$ cat structure29.txt   # compact mmCIF, C-alpha atoms
# COMPACT_ATOMS: atom_id res chain seq x y z
CA MET Z 1 145.62 143.83 89.37
CA ALA Z 2 145.39 143.35 93.14
CA GLN Z 3 142.80 140.88 94.36
CA LYS Z 4 139.86 142.49 96.16
CA PRO Z 5 139.77 141.09 99.72
CA SER Z 6 136.50 139.44 100.74
CA VAL Z 7 135.01 136.71 102.93
CA PRO Z 8 132.63 133.93 101.80
CA LYS Z 9 128.93 134.86 101.76
CA GLY Z 10 127.24 134.11 105.05
CA THR Z 11 130.43 134.63 107.07
CA ARG Z 12 131.75 137.76 108.79
CA ASP Z 13 134.78 139.40 110.34
CA PHE Z 14 134.28 140.67 113.88
CA SER Z 15 135.86 143.98 114.89
CA PRO Z 16 137.26 144.53 118.41
CA VAL Z 17 134.01 146.27 119.44
CA GLU Z 18 131.91 143.44 118.00
CA MET Z 19 134.08 140.85 119.72
CA SER Z 20 133.75 142.66 123.05
CA ARG Z 21 129.97 142.60 122.67
CA ARG Z 22 129.93 138.96 121.62
CA GLN Z 23 132.12 138.06 124.57
CA TYR Z 24 129.67 139.87 126.84
CA ILE Z 25 126.92 137.55 125.57
CA PHE Z 26 129.08 134.45 125.97
CA ASP Z 27 130.18 135.44 129.48
CA THR Z 28 126.58 136.13 130.54
CA VAL Z 29 125.35 132.81 129.18
CA LYS Z 30 128.25 130.89 130.74
CA SER Z 31 127.68 132.50 134.14
CA VAL Z 32 124.08 131.24 134.17
CA PHE Z 33 125.01 127.77 132.89
CA ARG Z 34 127.60 127.36 135.65
CA THR Z 35 125.11 128.25 138.41
CA TYR Z 36 123.01 125.27 137.30
CA GLY Z 37 125.94 122.86 137.51
CA PHE Z 38 126.86 122.57 133.82
CA ALA Z 39 130.51 122.03 132.82
CA PRO Z 40 132.23 123.19 129.58
CA LEU Z 41 132.97 120.87 126.62
CA GLU Z 42 134.38 121.30 123.09
CA THR Z 43 134.37 118.99 120.06
CA PRO Z 44 136.19 119.26 116.68
CA ALA Z 45 134.92 121.58 113.92
CA MET Z 46 134.72 118.59 111.58
CA GLU Z 47 133.05 115.23 112.15
CA ASN Z 48 132.93 112.07 110.08
CA LEU Z 49 130.06 112.38 107.61
CA SER Z 50 128.69 109.08 108.95
CA THR Z 51 128.24 110.86 112.29
CA LEU Z 52 126.25 113.73 110.75
CA LEU Z 53 124.19 112.24 107.92
CA GLY Z 54 120.64 111.10 108.72
CA LYS Z 55 120.40 113.01 112.01
CA TYR Z 56 118.75 116.22 110.75
CA GLY Z 57 116.17 114.97 108.24
CA ASP Z 58 116.40 115.22 104.46
CA GLU Z 59 116.37 119.03 104.48
CA GLY Z 60 119.10 119.19 107.12
CA ASP Z 61 121.30 116.74 105.24
CA LYS Z 62 121.20 119.05 102.21
CA LEU Z 63 122.67 121.86 104.32
CA LEU Z 64 125.75 119.95 105.47
CA PHE Z 65 129.09 121.42 104.38
CA LYS Z 66 131.11 118.46 103.12
CA ILE Z 67 134.91 118.53 103.18
CA LEU Z 68 136.92 117.14 100.28
CA ASN Z 69 139.72 114.77 101.16
CA SER Z 70 142.90 116.76 100.60
CA GLY Z 71 146.47 116.24 99.55
CA GLU Z 72 147.80 113.28 97.59
CA TYR Z 73 144.69 111.20 98.26
CA GLY Z 74 142.68 113.18 95.70
CA ALA Z 75 145.57 113.34 93.22
CA ASN Z 76 145.78 109.56 92.98
CA LEU Z 77 142.09 108.94 92.28
CA SER Z 78 140.77 108.00 88.83
CA GLN Z 79 138.10 110.13 87.11
CA GLU Z 80 135.48 107.52 88.01
CA GLU Z 81 136.50 107.61 91.67
CA LEU Z 82 136.45 111.41 91.67
CA ARG Z 83 132.82 111.26 90.53
CA ASN Z 84 131.98 109.12 93.55
CA ALA Z 85 131.53 111.65 96.38
CA SER Z 86 131.86 109.01 99.09
CA LYS Z 87 135.41 108.33 97.94
CA ILE Z 88 136.56 111.93 98.07
CA CYS Z 89 134.37 113.30 100.87
CA GLU Z 90 134.32 111.52 104.23
CA LYS Z 91 134.07 114.46 106.66
CA GLY Z 92 131.80 117.45 107.18
CA LEU Z 93 131.62 120.63 109.24
CA ARG Z 94 129.34 120.20 112.22
CA TYR Z 95 125.72 121.31 111.62
CA ASP Z 96 124.94 121.74 115.30
CA LEU Z 97 126.47 120.87 118.68
CA THR Z 98 123.93 118.24 119.78
CA VAL Z 99 124.89 115.36 117.48
CA PRO Z 100 128.65 115.78 118.19
CA PHE Z 101 127.71 115.86 121.89
CA ALA Z 102 125.85 112.55 121.53
CA ARG Z 103 128.85 111.09 119.72
CA TYR Z 104 131.12 112.30 122.53
CA VAL Z 105 128.90 110.79 125.21
CA VAL Z 106 128.96 107.35 123.58
CA GLN Z 107 132.68 107.50 122.83
CA HIS Z 108 133.53 108.52 126.41
CA ARG Z 109 130.72 106.74 128.29
CA ASP Z 110 133.16 104.98 130.65
CA GLU Z 111 134.75 108.29 131.68
CA ILE Z 112 131.67 110.40 132.48
CA SER Z 113 129.04 110.30 135.23
CA PHE Z 114 125.35 110.24 134.37
CA PRO Z 115 123.34 112.39 134.33
CA PHE Z 116 125.97 114.37 132.41
CA LYS Z 117 125.48 118.14 132.27
CA ARG Z 118 127.53 120.13 129.78
CA PHE Z 119 127.53 123.45 127.99
CA GLN Z 120 129.30 124.11 124.70
CA ILE Z 121 129.91 127.41 122.90
CA GLN Z 122 131.38 126.92 119.41
CA PRO Z 123 130.69 127.78 115.74
CA VAL Z 124 128.55 125.58 113.47
CA TRP Z 125 128.12 125.66 109.69
CA ARG Z 126 125.11 125.31 107.40
CA ALA Z 127 125.04 125.62 103.60
CA ASP Z 128 121.97 127.83 103.80
CA ARG Z 129 121.00 130.89 101.75
CA PRO Z 130 122.38 133.90 103.65
CA GLN Z 131 119.81 136.49 104.71
CA LYS Z 132 118.99 138.75 107.67
CA GLY Z 133 119.58 136.79 110.85
CA ARG Z 134 120.71 133.67 108.95
CA TYR Z 135 124.39 132.93 108.42
CA ARG Z 136 126.43 130.05 107.04
CA GLU Z 137 128.85 130.23 109.95
CA PHE Z 138 127.43 131.08 113.34
CA TYR Z 139 127.90 130.32 117.01
CA GLN Z 140 125.63 128.25 119.21
CA CYS Z 141 125.58 128.22 122.99
CA ASP Z 142 124.25 124.79 123.95
CA VAL Z 143 123.30 123.47 127.36
CA ASP Z 144 122.27 119.80 127.69
CA VAL Z 145 121.73 117.16 130.33
CA ILE Z 146 121.84 113.53 129.21
CA GLY Z 147 121.15 110.33 131.13
CA SER Z 148 117.94 111.44 132.88
CA ARG Z 149 114.27 111.32 131.86
CA SER Z 150 113.14 113.62 134.69
CA LEU Z 151 110.99 116.57 133.67
CA LEU Z 152 112.90 118.59 136.27
CA ASN Z 153 115.48 119.02 133.52
CA GLU Z 154 112.96 120.70 131.21
CA VAL Z 155 111.88 122.99 134.06
CA GLU Z 156 115.50 123.96 134.79
CA LEU Z 157 116.06 124.77 131.12
CA VAL Z 158 113.07 127.13 131.24
CA GLN Z 159 114.61 128.77 134.32
CA ILE Z 160 117.93 129.09 132.49
CA VAL Z 161 116.22 130.78 129.53
CA ASP Z 162 114.47 133.15 131.95
CA ALA Z 163 117.74 133.99 133.75
CA VAL Z 164 119.85 134.49 130.60
CA PHE Z 165 117.47 136.88 128.86
CA ALA Z 166 116.73 138.77 132.08
CA LYS Z 167 120.48 139.40 132.45
CA LEU Z 168 120.79 140.45 128.82
CA GLY Z 169 117.75 142.73 129.09
CA ILE Z 170 115.84 141.09 126.21
CA ARG Z 171 112.07 140.69 126.60
CA THR Z 172 111.16 137.26 125.24
CA VAL Z 173 108.41 134.67 125.03
CA LEU Z 174 109.09 130.92 125.28
CA LYS Z 175 106.97 128.75 122.98
CA MET Z 176 106.64 125.07 123.91
CA ASN Z 177 105.12 121.94 122.40
CA ASN Z 178 105.69 118.20 122.62
CA ARG Z 179 106.54 115.78 119.82
CA LYS Z 180 104.35 113.14 121.48
CA ILE Z 181 101.43 115.54 121.10
CA LEU Z 182 102.31 116.04 117.44
CA TYR Z 183 102.37 112.27 116.97
CA GLY Z 184 98.98 112.09 118.67
CA ILE Z 185 97.62 114.71 116.28
CA ALA Z 186 99.01 112.74 113.31
CA GLU Z 187 97.30 109.61 114.68
CA ALA Z 188 94.03 111.46 115.27
CA ILE Z 189 93.84 112.63 111.63
CA GLY Z 190 94.69 109.15 110.38
CA HIS Z 191 98.26 109.82 109.23
CA ALA Z 192 100.64 108.53 111.91
CA ASP Z 193 102.83 107.34 109.04
CA LYS Z 194 103.21 110.97 107.90
CA MET Z 195 104.46 112.29 111.26
CA ILE Z 196 107.73 113.69 109.82
CA ASP Z 197 106.00 115.24 106.79
CA ILE Z 198 103.45 116.92 109.04
CA THR Z 199 106.05 118.33 111.47
CA VAL Z 200 108.29 119.64 108.68
CA ALA Z 201 105.31 121.42 107.09
CA ILE Z 202 103.67 122.95 110.17
CA ASP Z 203 107.06 124.11 111.47
CA LYS Z 204 106.93 126.61 108.59
CA LEU Z 205 103.52 128.01 109.62
CA GLU Z 206 104.82 131.38 110.81
CA LYS Z 207 107.10 131.80 107.79
CA ILE Z 208 104.80 130.83 104.92
CA GLY Z 209 101.27 131.05 106.38
CA LEU Z 210 98.45 128.53 106.81
CA ASP Z 211 97.40 128.30 103.16
CA ASN Z 212 100.91 127.42 102.01
CA VAL Z 213 101.29 124.90 104.84
CA LYS Z 214 98.02 123.23 103.77
CA ALA Z 215 99.24 123.14 100.17
CA GLU Z 216 102.52 121.57 101.28
CA LEU Z 217 100.70 118.94 103.35
CA LEU Z 218 98.56 118.02 100.36
CA GLY Z 219 101.73 117.80 98.30
CA ARG Z 220 103.21 115.44 100.88
CA GLY Z 221 100.33 112.98 100.45
CA LEU Z 222 97.75 114.03 103.07
CA ASP Z 223 94.13 114.03 101.93
CA GLU Z 224 91.80 117.06 102.10
CA GLU Z 225 89.87 115.69 105.09
CA ALA Z 226 93.03 115.18 107.17
CA VAL Z 227 94.26 118.71 106.39
CA SER Z 228 90.89 120.18 107.34
CA GLN Z 229 91.00 118.26 110.64
CA LEU Z 230 94.46 119.65 111.36
CA GLN Z 231 93.58 123.34 110.89
CA PRO Z 232 91.39 123.85 114.01
CA ILE Z 233 93.99 122.05 116.14
CA LEU Z 234 96.68 124.49 115.04
CA GLU Z 235 94.34 127.41 115.76
CA LEU Z 236 93.36 126.43 119.33
CA GLU Z 237 93.20 129.43 121.66
CA GLY Z 238 93.08 130.01 125.42
CA THR Z 239 95.44 129.44 128.33
CA ASN Z 240 97.96 126.59 128.25
CA SER Z 241 95.66 124.55 130.48
CA GLN Z 242 92.60 125.24 128.31
CA LYS Z 243 94.48 124.28 125.13
CA LEU Z 244 95.62 121.01 126.72
CA ASP Z 245 92.07 120.22 127.88
CA LYS Z 246 90.66 120.76 124.37
CA LEU Z 247 93.51 118.83 122.83
CA ALA Z 248 92.99 115.87 125.18
CA GLU Z 249 89.48 115.50 123.77
CA VAL Z 250 90.67 115.65 120.15
CA ILE Z 251 93.48 113.08 120.53
CA SER Z 252 91.89 110.92 123.27
CA SER Z 253 92.46 107.79 121.16
CA SER Z 254 96.25 108.31 121.07
CA GLU Z 255 98.09 106.89 124.06
CA GLU Z 256 101.32 108.57 122.96
CA GLY Z 257 99.60 111.92 122.49
CA LEU Z 258 98.06 111.78 125.98
CA LYS Z 259 101.50 111.09 127.46
CA GLY Z 260 102.71 114.28 125.83
CA ILE Z 261 99.80 116.22 127.31
CA ASP Z 262 100.58 114.86 130.80
CA GLU Z 263 104.23 115.88 130.41
CA MET Z 264 103.27 119.42 129.44
CA ARG Z 265 100.81 119.70 132.34
CA THR Z 266 103.61 118.75 134.75
CA ILE Z 267 106.10 121.19 133.22
CA PHE Z 268 103.63 124.10 133.16
CA SER Z 269 102.47 123.51 136.74
CA MET Z 270 106.08 123.47 138.03
CA ILE Z 271 106.98 126.61 136.07
CA GLU Z 272 103.97 128.39 137.55
CA ALA Z 273 104.75 127.17 141.10
CA LEU Z 274 108.34 128.43 140.79
CA GLY Z 275 107.19 131.88 139.72
CA VAL Z 276 109.11 132.00 136.44
CA ALA Z 277 108.67 135.54 135.07
CA LEU Z 278 109.22 134.56 131.43
CA PRO Z 279 105.90 134.13 129.52
CA VAL Z 280 105.61 130.47 128.45
CA GLU Z 281 103.02 129.52 125.82
CA LEU Z 282 101.85 126.20 124.38
CA ASP Z 283 102.17 126.58 120.59
CA LEU Z 284 100.83 123.58 118.67
CA SER Z 285 102.32 124.85 115.41
CA LEU Z 286 105.81 124.53 116.93
CA ALA Z 287 107.31 121.35 115.51
CA ARG Z 288 111.08 121.85 115.16
CA GLY Z 289 111.89 119.79 112.08
CA LEU Z 290 114.87 117.92 113.52
CA ASN Z 291 114.12 114.20 113.54
CA TYR Z 292 115.79 113.40 116.85
CA TYR Z 293 113.32 115.25 119.13
CA THR Z 294 110.89 112.97 120.98
CA GLY Z 295 109.33 114.99 123.83
CA ALA Z 296 109.07 118.61 124.92
CA ILE Z 297 110.36 121.17 122.40
CA PHE Z 298 111.23 124.83 122.97
CA GLU Z 299 111.60 128.00 120.94
CA VAL Z 300 112.29 131.54 122.16
CA LYS Z 301 111.26 134.72 120.33
CA ALA Z 302 112.27 138.31 121.07
CA LEU Z 303 109.22 140.49 121.74
CA ASP Z 304 110.66 143.85 120.67
CA TYR Z 305 112.71 142.95 117.59
CA ALA Z 306 111.65 141.24 114.36
CA ILE Z 307 113.90 138.23 113.84
CA GLY Z 308 113.53 134.43 113.87
CA SER Z 309 113.84 132.32 117.00
CA ILE Z 310 116.85 133.21 119.15
CA CYS Z 311 116.89 130.01 121.17
CA GLY Z 312 115.48 126.51 120.71
CA GLY Z 313 115.80 122.87 121.69
CA GLY Z 314 114.01 119.88 123.12
CA ARG Z 315 113.99 116.34 124.51
CA TYR Z 316 115.66 113.53 122.59
CA ASP Z 317 115.22 109.99 123.93
CA ASN Z 318 117.55 107.91 121.80
CA LEU Z 319 120.04 110.09 119.96
CA THR Z 320 122.95 108.10 121.40
CA GLY Z 321 121.35 104.86 120.19
CA ILE Z 322 122.57 105.65 116.68
CA PHE Z 323 126.11 105.42 118.05
CA GLY Z 324 125.57 102.17 119.99
CA LEU Z 325 124.26 103.41 123.36
CA PRO Z 326 120.45 102.96 123.30
CA ASP Z 327 117.79 104.33 125.68
CA VAL Z 328 119.78 107.28 127.03
CA SER Z 329 117.48 110.27 127.20
CA GLY Z 330 118.66 113.86 127.01
CA VAL Z 331 117.27 117.36 126.77
CA GLY Z 332 118.89 120.64 125.83
CA ILE Z 333 118.55 124.16 124.51
CA SER Z 334 120.72 126.11 122.09
CA PHE Z 335 121.09 129.90 122.34
CA GLY Z 336 121.69 131.54 118.95
CA ALA Z 337 124.50 133.96 119.82
CA ASP Z 338 124.47 135.75 116.45
CA ARG Z 339 120.75 136.47 116.52
CA ILE Z 340 120.96 137.52 120.16
CA TYR Z 341 123.74 139.91 119.12
CA ASP Z 342 121.56 141.37 116.36
CA VAL Z 343 118.66 141.85 118.79
CA MET Z 344 120.85 143.56 121.40
CA THR Z 345 122.45 145.80 118.79
CA GLY Z 346 119.09 146.73 117.29
CA LEU Z 347 117.63 147.55 120.72
CA GLU Z 348 120.85 149.21 122.00
CA LEU Z 349 121.02 146.89 125.01
CA PHE Z 350 124.80 146.59 125.38
CA PRO Z 351 126.21 148.50 128.38
CA GLU Z 352 128.56 151.34 127.40
CA SER Z 353 131.41 149.71 129.34
CA VAL Z 354 131.33 146.68 127.01
CA ASP Z 355 132.68 148.72 124.09
CA CYS Z 356 135.73 149.88 126.04
CA SER Z 357 138.67 147.51 125.82
CA THR Z 358 140.83 150.18 127.50
CA GLN Z 359 139.55 152.13 130.51
CA VAL Z 360 142.31 154.72 130.71
CA LEU Z 361 144.85 156.15 128.27
CA PHE Z 362 147.97 157.99 129.49
CA MET Z 363 149.24 160.86 127.36
CA ASN Z 364 152.89 160.67 126.28
CA PHE Z 365 154.96 163.87 126.49
CA GLY Z 366 158.55 162.61 126.76
CA GLU Z 367 160.86 160.16 128.47
CA ALA Z 368 160.57 161.36 132.08
CA GLU Z 369 156.77 161.72 131.90
CA GLN Z 370 156.56 158.36 130.12
CA MET Z 371 158.41 156.51 132.91
CA ALA Z 372 156.19 158.08 135.59
CA SER Z 373 153.13 157.02 133.60
CA LEU Z 374 154.40 153.45 133.13
CA ARG Z 375 154.87 153.04 136.88
CA ILE Z 376 151.26 154.09 137.52
CA ILE Z 377 150.02 151.90 134.65
CA SER Z 378 151.68 148.86 136.25
CA GLU Z 379 149.76 149.48 139.47
CA LEU Z 380 146.48 150.00 137.59
CA ARG Z 381 146.90 146.72 135.72
CA LYS Z 382 147.57 144.88 139.00
CA ALA Z 383 144.25 146.29 140.20
CA GLY Z 384 142.52 144.88 137.12
CA ILE Z 385 142.15 148.21 135.30
CA ALA Z 386 142.83 148.09 131.54
CA ALA Z 387 145.36 150.88 130.95
CA GLU Z 388 147.78 151.86 128.19
CA ILE Z 389 150.03 154.71 127.16
CA TYR Z 390 150.10 156.41 123.75
CA PRO Z 391 153.22 154.86 122.17
CA GLU Z 392 154.87 158.05 120.91
CA SER Z 393 155.38 161.56 122.21
CA ALA Z 394 152.93 163.49 120.02
CA LYS Z 395 150.78 166.60 120.09
CA MET Z 396 148.01 166.60 122.71
CA LYS Z 397 145.32 167.01 120.04
CA LYS Z 398 146.41 163.88 118.19
CA GLN Z 399 146.49 161.80 121.38
CA MET Z 400 143.08 163.06 122.53
CA GLU Z 401 141.55 162.31 119.12
CA TYR Z 402 142.90 158.77 119.43
CA ALA Z 403 141.23 158.40 122.84
CA ASN Z 404 137.93 159.67 121.40
CA ARG Z 405 138.03 157.29 118.43
CA ARG Z 406 138.69 154.38 120.80
CA GLN Z 407 135.91 155.59 123.12
CA ILE Z 408 138.30 155.37 126.06
CA PRO Z 409 136.46 156.80 129.10
CA TYR Z 410 139.47 158.27 130.98
CA VAL Z 411 142.62 160.10 129.96
CA VAL Z 412 145.52 160.77 132.36
CA ILE Z 413 147.86 163.67 131.69
CA ILE Z 414 151.31 163.83 133.28
CA GLY Z 415 153.23 166.77 131.85
CA SER Z 416 156.31 168.50 133.22
CA GLN Z 417 154.29 170.51 135.74
CA GLU Z 418 152.40 167.44 137.01
CA LEU Z 419 155.70 165.56 137.23
CA ASP Z 420 157.22 168.28 139.43
CA GLU Z 421 154.19 168.32 141.73
CA GLY Z 422 153.73 164.51 141.88
CA VAL Z 423 150.14 164.68 140.63
CA ALA Z 424 148.24 163.48 137.58
CA THR Z 425 145.38 165.20 135.78
CA VAL Z 426 142.55 162.68 135.28
CA LYS Z 427 139.96 163.63 132.66
CA ASN Z 428 136.58 161.94 132.32
CA MET Z 429 136.09 161.93 128.54
CA ARG Z 430 132.32 161.49 128.77
CA SER Z 431 131.53 164.29 131.21
CA GLY Z 432 134.51 166.51 130.39
CA GLU Z 433 135.31 166.87 134.10
CA GLN Z 434 138.94 166.67 135.21
CA GLN Z 435 140.77 166.69 138.53
CA GLN Z 436 144.31 166.52 139.83
CA VAL Z 437 145.17 163.64 142.14
CA ALA Z 438 148.31 162.12 143.65
CA PHE Z 439 149.92 159.36 141.61
CA ASP Z 440 148.78 156.67 144.09
CA LYS Z 441 145.14 157.89 143.96
CA VAL Z 442 144.61 157.50 140.18
CA ALA Z 443 143.15 154.00 140.51
CA ALA Z 444 140.57 155.18 143.06
CA VAL Z 445 139.35 157.93 140.71
CA ILE Z 446 139.05 155.52 137.75
CA CYS Z 447 137.05 153.02 139.87
CA GLU Z 448 134.56 155.59 141.24

$ encode --input "structure29.txt" --output "structure tokens"
Amino acid sequence: MAQKPSVPKGTRDFSPVEMSRRQYIFDTVKSVFRTYGFAPLETPAMENLSTLLGKYGDEGDKLLFKILNSGEYGANLSQEELRNASKICEKGLRYDLTVPFARYVVQHRDEISFPFKRFQIQPVWRADRPQKGRYREFYQCDVDVIGSRSLLNEVELVQIVDAVFAKLGIRTVLKMNNRKILYGIAEAIGHADKMIDITVAIDKLEKIGLDNVKAELLGRGLDEEAVSQLQPILELEGTNSQKLDKLAEVISSSEEGLKGIDEMRTIFSMIEALGVALPVELDLSLARGLNYYTGAIFEVKALDYAIGSICGGGRYDNLTGIFGLPDVSGVGISFGADRIYDVMTGLELFPESVDCSTQVLFMNFGEAEQMASLRIISELRKAGIAAEIYPESAKMKKQMEYANRRQIPYVVIIGSQELDEGVATVKNMRSGEQQQVAFDKVAAVICE
């Protein structure tokens, strides 16, 4: 019995149309990144497990795909050694692009200039439960600057988010918070030692609701009084400035928390002065559970389509310290290409031209007509127009059906009569209009 072909759960094949649309997203994102002075970088799909473990918190570590050592190495191990995972598993698929980037920076510190600005568009893997908008293999589009503590970097990232989603036509809101503020809140309720537990729990507020978050906090060792103190903080309302003013009163005893408030005041005032169109909101429930964030944190939501965050990131002050290069601050944002794709598909935001890999198809009616067509096709390709000829001489109906299935916008017909007169019939497949033009004028008609 033949094996039924399939792919692992949480992974997908991408058809030519899907790839064209994905490439449209990547090209749009890259074009914005480049205008802000960021250069491209790639790192291997797999990293040493020692590079990955301990960088994403306990929950993140559980989602790492570990790679078994292959070949004769495994064959020569005893049963006891096989039971010891560290002996047979020393590498893992990358969980994100930020930790490999930090590893790269430290490894190549003598070759790069600081501040170092890079963008990286590659797949990452997480052993998560597949569901709508959540995949085990997915692409991230990261943009980071490392080696600078200036808040100008945060402001530029907000501008990049604004520019990318404006170009893609997605209406979004940018949520921001600051890990220093979260630490200040933890201090204010008497549980600075539970900072990580608190952030992991409140980061789930939108998904599981306030009551479940409170139950989780109690389960993580916070007392009833501390949880009751936390609730009104998470429910603060008003403008960004009003929220910060109220918050400054609540956490006035926390020096670290007040630093976070000052940082957010600076960022918000610069964003406002620059006239950024994107709505930017202070969201105190935003925590982003990754342990390496230390300052401002970001998350972007689509306004017109129900899905999780489509972009997120933040400031990390000492990620490189783990690899032997302490006190190098960085900040970055990751665009979730797969979720952005789902949003654009759901809202029908892709331009029609994106789906067309071929702009014009030439009909094939025989050797003489074929050679005339090939000469014109060569000129069209030199002009940057994607053109092809139907490979066999076949009935007109069959060739036209092929053009329709491929959604090719133009068809060119050169039959015996056209060949004698030195003209081509150009048909617009969308409007149904057609016209006869000289061979050397075909490109001009296609480009109208």

$ atom_distance --input "structure29.txt" --atom1 "atom CA of Z:Lys66" --atom2 "atom CA of Z:Lys91"
6.1 Å

$ closest_residue --input "structure29.txt" --among "Z:Glu137, Z:Met1, Z:Leu151, Z:Ala273" --to "Z:Asp13" --atoms "only C-alpha atoms"
Z:Glu137

$ residues_around --input "structure29.txt" --residues "Z:Ser20" --least-positions-apart "5" --cutoff "12 Å" --atoms "only C-alpha atoms" --output "list in words"
Phe14, Ser15, Ile25, Phe26, Asp27, Tyr341, Phe350, Pro351, Glu352, Ser353, Val354, Asp355, Cys356, Ser357 and Thr358 of chain Z

$ closest_residue --input "structure29.txt" --among "Z:Leu222, Z:Leu182, Z:Ala372, Z:Val124" --to "Z:Gly295" --atoms "all atoms listed in the file"
Z:Leu182

$ residues_around --input "structure29.txt" --residues "Z:Cys89" --least-positions-apart "6" --cutoff "6 Å" --atoms "only C-alpha atoms" --output "list in words"
Ile67, Leu68 and Asn69 of chain Z

$ atom_distance --input "structure29.txt" --atom1 "atom CA of Z:Val276" --atom2 "atom CA of Z:Phe119"
22.0 Å

$ closest_residue --input "structure29.txt" --among "Z:Gly92, Z:Gly169, Z:Gly184, Z:Gly10" --to "Z:Leu303" --atoms "all atoms listed in the file"
Z:Gly169

$ closest_atom_pairs --input "structure29.txt" --of "stretch 255-374 of chain Z" --to "stretch 205-212 of chain Z" --cutoff "10 Å" --atoms "all atoms listed in the file" --output "Markdown table"
| residue | atom | partner | partner_atom | distance |
| --- | --- | --- | --- | --- |
| Z:Ser285 | CA | Z:Leu205 | CA | 6.7 |
| Z:Leu286 | CA | Z:Leu205 | CA | 8.4 |
| Z:Ala287 | CA | Z:Leu205 | CA | 9.7 |
| Z:Gly308 | CA | Z:Lys207 | CA | 9.2 |

$ closest_residue --input "structure29.txt" --among "Z:Lys30, Z:Arg149, Z:Lys117, Z:Lys427" --to "Z:Val328" --atoms "all atoms listed in the file"
Z:Arg149

$ build_atoms --input "structure29.txt" --residues "stretch 124-137 of chain Z" --atoms "N, CA and C atoms" --output "PDB file, keeping the file's coordinate frame"
ATOM      1  N   VAL Z 124     129.093 126.661 114.306  1.00  0.00           N
ATOM      2  CA  VAL Z 124     128.550 125.580 113.470  1.00  0.00           C
ATOM      3  C   VAL Z 124     128.372 126.140 112.067  1.00  0.00           C
ATOM      4  N   TRP Z 125     128.178 125.234 111.102  1.00  0.00           N
ATOM      5  CA  TRP Z 125     128.120 125.660 109.690  1.00  0.00           C
ATOM      6  C   TRP Z 125     126.933 125.020 108.983  1.00  0.00           C
ATOM      7  N   ARG Z 126     126.236 125.821 108.191  1.00  0.00           N
ATOM      8  CA  ARG Z 126     125.110 125.310 107.400  1.00  0.00           C
ATOM      9  C   ARG Z 126     125.139 125.954 106.014  1.00  0.00           C
ATOM     10  N   ALA Z 127     124.994 125.124 104.985  1.00  0.00           N
ATOM     11  CA  ALA Z 127     125.040 125.620 103.600  1.00  0.00           C
ATOM     12  C   ALA Z 127     123.683 126.197 103.214  1.00  0.00           C
ATOM     13  N   ASP Z 128     123.273 127.203 103.968  1.00  0.00           N
ATOM     14  CA  ASP Z 128     121.970 127.830 103.800  1.00  0.00           C
ATOM     15  C   ASP Z 128     122.101 129.082 102.944  1.00  0.00           C
ATOM     16  N   ARG Z 129     120.974 129.629 102.497  1.00  0.00           N
ATOM     17  CA  ARG Z 129     121.000 130.890 101.750  1.00  0.00           C
ATOM     18  C   ARG Z 129     121.115 132.040 102.739  1.00  0.00           C
ATOM     19  N   PRO Z 130     122.205 132.817 102.686  1.00  0.00           N
ATOM     20  CA  PRO Z 130     122.380 133.900 103.650  1.00  0.00           C
ATOM     21  C   PRO Z 130     121.286 134.956 103.529  1.00  0.00           C
ATOM     22  N   GLN Z 131     120.794 135.415 104.665  1.00  0.00           N
ATOM     23  CA  GLN Z 131     119.810 136.490 104.710  1.00  0.00           C
ATOM     24  C   GLN Z 131     119.832 137.091 106.109  1.00  0.00           C
ATOM     25  N   LYS Z 132     119.001 138.093 106.373  1.00  0.00           N
ATOM     26  CA  LYS Z 132     118.990 138.750 107.670  1.00  0.00           C
ATOM     27  C   LYS Z 132     118.777 137.720 108.780  1.00  0.00           C
ATOM     28  N   GLY Z 133     119.709 137.701 109.719  1.00  0.00           N
ATOM     29  CA  GLY Z 133     119.580 136.790 110.850  1.00  0.00           C
ATOM     30  C   GLY Z 133     119.926 135.348 110.548  1.00  0.00           C
ATOM     31  N   ARG Z 134     120.361 135.057 109.321  1.00  0.00           N
ATOM     32  CA  ARG Z 134     120.710 133.670 108.950  1.00  0.00           C
ATOM     33  C   ARG Z 134     122.079 133.666 108.297  1.00  0.00           C
ATOM     34  N   TYR Z 135     123.014 132.948 108.899  1.00  0.00           N
ATOM     35  CA  TYR Z 135     124.390 132.930 108.420  1.00  0.00           C
ATOM     36  C   TYR Z 135     124.834 131.499 108.121  1.00  0.00           C
ATOM     37  N   ARG Z 136     125.892 131.377 107.337  1.00  0.00           N
ATOM     38  CA  ARG Z 136     126.430 130.050 107.040  1.00  0.00           C
ATOM     39  C   ARG Z 136     127.395 129.584 108.127  1.00  0.00           C
ATOM     40  N   GLU Z 137     128.006 130.540 108.792  1.00  0.00           N
ATOM     41  CA  GLU Z 137     128.850 130.230 109.950  1.00  0.00           C
ATOM     42  C   GLU Z 137     128.309 131.040 111.118  1.00  0.00           C
TER      43      GLU Z 137
END
